[in-house]
There are 2 protein chains.
Amino acid sequence: MSHHDPKIADLNCGDCPIRHRAVCARCETDELHLLESIKYYRSFQAGQPVIWSGDRMEFVASVVTGIATLTQTMEDGRRQMVGLLLPSDFVGRPGRATAAYDVTATTDLVMCCFRKKPFEELMGSTPHIAQRLLEMTLDELDAAREWMLLLGRKTAREKIASLLAIIARRNASLKKAPGTGGARFDLPLTREEMADYLGLTLETVSRQISTLKREGVIVLEGKRHVVVPNLDRLLEETGDDSDGGMLN
Amino acid sequence: MSHHDPKIADLNCGDCPIRHRAVCARCETDELHLLESIKYYRSFQAGQPVIWSGDRMEFVASVVTGIATLTQTMEDGRRQMVGLLLPSDFVGRPGRATAAYDVTATTDLVMCCFRKKPFEELMGSTPHIAQRLLEMTLDELDAAREWMLLLGRKTAREKIASLLAIIARRNASLKKAPGTGGARFDLPLTREEMADYLGLTLETVSRQISTLKREGVIVLEGKRHVVVPNLDRLLEETGDDSDGGMLN
DNA sequence: CGGATGCCTTGACCCAGATCAATCGACCCG
DNA sequence: CGGGTCGATTGATCTGGGTCAAGGCATCCG
């Protein structure tokens with residue numbers, strides 16, 4: 001792939017699209033050079049596994065472009081997605097030798113990898129990296145806890161609305177001006193993946209999406225492209241506190 | 001309370017029961033003195049709120065003794081517990097002004113509090129604190145993700161068995177030798193709190209406990225004291241991978 | 001002592017979402 | 001072009017766990 005996309009393969013950190021949001025966000029130029037010396041890019045096609053739970057992890061990494069999922073599987077096959085990794089999100093745990101979850105690319109994916117050993121050493125000597133990683137981990141913990149509320153207490157309809165709202169919000173924050181009360185985006189997940197994320201079956205996901213469509217809360221253009229004519233209307237369906245839940 | 005328990009009120013860090021597991025675990029003697037100068041103890045009675053979600057947080061803290069819970073509540077009253085805080089666990093997020101969750105003492109509770117501002121400054125100058133906090137946060141994130149699997153995919157019976165197994169494991173690790181295949185402990189939570197933790201109703205919790213009792217997986221002595229004659233048998237009921245799920 | 005309160009248990013019934021199954025459409029490939 | 005595959009939809013039916021309701025059993029207190 002890389003011969004088609006020299007921009008990524010040869011990227012230097014200063015021009016990196018996730019420069020200001022990833023683990024390296026707080027690094028100074030000289031620190032960046034150190035990171036640069038231990039980094040390498042890897043690409044994965046949509047659907048490819050990145051690593052299996054229990055595998056030895058030789059690296060930690062940041063998602064540069066694309067989307068990956070973190071899932072846990074029970075021996076009888078029940079699956080639960082426990083994380084959705086978007087550009088700038090971090091994969092892997094310094095100090096741990098093996099992966100705790102399955103990581104899968106759900107879209108074409110580019111990751112910026114750091115060999116684990118040198119990265120851990122760098123963390124010791126570069127507080128900016130550890131600081132940023134702590135911040136990101138705390139954010140992930142908050143997200144995980146919000147998801148616990150969804151999994152434990154929300155109805156199927158609320159779960160779907162919440163997922164759509166999260167994807168809509170993410171796209172709004174990175175793509176266009178917050179502008180009007182609407183939104184439009186592509187679903188990066190299949191119905192089954194959504195079901196694994198929401199603790200539902202794929203049939204229930206499909207039915208609830210159909211219901212929201214029938215009621216005009218969303219409009220579908222094809223199976224995957226969603227138009228939300230009125231974001232507030234969608235938000236009402238999530239069951240969340242009406243205000244945006246101001247933290248910080 | 002403190003006049004009844006001078007051991008806690010006047011505790012110095014060197015003698016602290018959570019010295020080697022809390023945020024301060026990696027601190028050297030001199031760093032400990034700095035922490036000592038900004039710390040103070042607070043006690044709460046069983047059932048008392050520690051803080052409400054949205055409240056201004058003037059401190060961060062470690063649980064010294066007792067148990068506290070972290071819960072989220074939807075405006076219609078649905079509640080989900082998102083964390084169980086045991087001795088040495090950390091409460092509060094450096095860099096955040098208000099609490100994101102309700103924190104409640106479920107047993108009598110003693111917390112070692114640090115004023116937030118000085119603590120944040122100390123974190124900047126004392127990498128040992130930030131390092132340990134990162135480590136603890138990563139552990140909590142793993143626990144939260146394990147809980148997501150439970151909430152999203154386990155049956156009521158598996159949820160109850162998992163909760164009992166977790167409490168049994170914790171008690172085994174801190175109290176007596178792993179010894180035989182059995183365990184005995186007091187439940188630190190009411191049926192309703194268990195329900196809030198497991199994403200169930202209190203009636204379902206009660207029924208499943210009765211079923212496990214009827215089948216001899218557990219023996220109840222009173223409502224709160226549980227005897228597990230055969231821990232492996234209980235573990236089989238959790239739905240988890242039979243091996244202890246070796247991470248690290 | 002008798003009533004109130006808090007926590008728990010148990011029963012009867014119901015329903016949201018799971019399960020089982022058929023069908024559809026888009027896309028790919030021989 | 002015809003058949004195969006993959007994802008999605010929709011229908012029919014079933015069931016685990018929710019809901020509603022009635023007690024039970026300690027503990028506390030006037």
# chains A, B, ... in the order shown; residues from 1 in each chain; ligands from 1
call {"tool": "interface_residues", "arguments": {"of": "chain B", "to": "chain C", "cutoff": "8 Å", "atoms": "only C-alpha atoms (C1' of nucleotides)", "output": "ChimeraX atom specification"}}
result
/B:190-191,206-207,223
call {"tool": "write_last_selection", "arguments": {"atoms": "N, CA and C atoms", "output": "PDB file, in the first residue's frame"}}
result
ATOM      1  N   THR B 190     -25.411  -4.375  49.651  1.00  0.00           N
ATOM      2  CA  THR B 190     -26.797  -4.846  49.751  1.00  0.00           C
ATOM      3  C   THR B 190     -27.194  -5.474  48.414  1.00  0.00           C
ATOM      4  N   ARG B 191     -28.320  -6.157  48.414  1.00  0.00           N
ATOM      5  CA  ARG B 191     -28.818  -6.737  47.164  1.00  0.00           C
ATOM      6  C   ARG B 191     -29.027  -5.650  46.111  1.00  0.00           C
ATOM      7  N   SER B 206     -31.563 -11.452  44.117  1.00  0.00           N
ATOM      8  CA  SER B 206     -32.008 -12.307  45.215  1.00  0.00           C
ATOM      9  C   SER B 206     -32.324 -13.709  44.714  1.00  0.00           C
ATOM     10  N   ARG B 207     -33.034 -13.790  43.617  1.00  0.00           N
ATOM     11  CA  ARG B 207     -33.397 -15.091  43.075  1.00  0.00           C
ATOM     12  C   ARG B 207     -32.178 -15.911  42.665  1.00  0.00           C
ATOM     13  N   LYS B 223     -27.808 -13.321  55.910  1.00  0.00           N
ATOM     14  CA  LYS B 223     -28.028 -12.776  54.568  1.00  0.00           C
ATOM     15  C   LYS B 223     -26.719 -12.377  53.904  1.00  0.00           C
TER      16      LYS B 223
END
call {"tool": "interface_residues", "arguments": {"of": "chain A", "to": "chain B", "cutoff": "6 Å", "atoms": "only C-alpha atoms", "output": "PyMOL selection string"}}
result
chain A and resi 80+82+96-97+134+141+145+148-149+151-152+199+248
call {"tool": "closest_atom_pairs", "arguments": {"of": "chain B", "to": "chain D", "cutoff": "9 Å", "atoms": "only C-alpha atoms (C1' of nucleotides)", "output": "Markdown table"}}
result
| residue | atom | partner | partner_atom | distance |
| --- | --- | --- | --- | --- |
| B:Thr155 | CA | D:DG16 | C1' | 8.4 |
| B:Ala156 | CA | D:DG17 | C1' | 7.9 |
| B:Leu200 | CA | D:DG17 | C1' | 8.1 |
| B:Thr201 | CA | D:DG18 | C1' | 7.3 |
| B:Glu203 | CA | D:DG18 | C1' | 8.9 |
| B:Thr204 | CA | D:DG17 | C1' | 7.0 |
call {"tool": "write_last_selection", "arguments": {"atoms": "C-alpha atoms", "output": "CSV table (one decimal), in the first residue's frame"}}
result
chain,number,residue,atom,x,y,z
B,155,THR,CA,-26.5,-14.0,32.1
B,156,ALA,CA,-27.8,-13.1,35.5
B,200,LEU,CA,-29.9,-6.3,37.2
B,201,THR,CA,-32.9,-5.7,39.5
B,203,GLU,CA,-35.2,-9.2,42.8
B,204,THR,CA,-33.2,-11.0,40.1
call {"tool": "residues_around", "arguments": {"residues": "segment 31-48 of chain B", "least_positions_apart": "2", "cutoff": "7 Å", "atoms": "only C-alpha atoms (C1' of nucleotides)", "output": "list in words"}}
result
Ala9, Cys13, Cys27, Glu28, Thr29, Val50, Thr104, Ala105, Thr106, Thr107, Asp108, Leu109, Val110, Met111, Cys112, Cys113, Phe114 and Arg115 of chain B
call {"tool": "select_by_dssp", "arguments": {"residues": "segment 125-229 of chain A", "states": "helix (DSSP H, G or I)", "output": "MDAnalysis selection string"}}
result
chainID A and resid 125 127:153 156:174 191:198 202:214
call {"tool": "atom_distance", "arguments": {"atom1": "atom CA of Asp186 of chain A", "atom2": "atom CA of Gly66 of chain A"}}
result
12.7 Å
call {"tool": "atom_distance", "arguments": {"atom1": "atom CA of Lys116 of chain A", "atom2": "atom CA of Ile129 of chain A"}}
result
13.7 Å
call {"tool": "select_by_dssp", "arguments": {"residues": "segment 25-221 of chain A", "states": "strand (DSSP E)", "output": "ChimeraX atom specification"}}
result
/A:39-44,49-51,59-65,68-73,79-85,90-91,102-105,109-115,183-186,219-221
call {"tool": "atom_distance", "arguments": {"atom1": "atom CA of Ala68 of chain A", "atom2": "atom CA of Phe90 of chain A"}}
result
10.7 Å
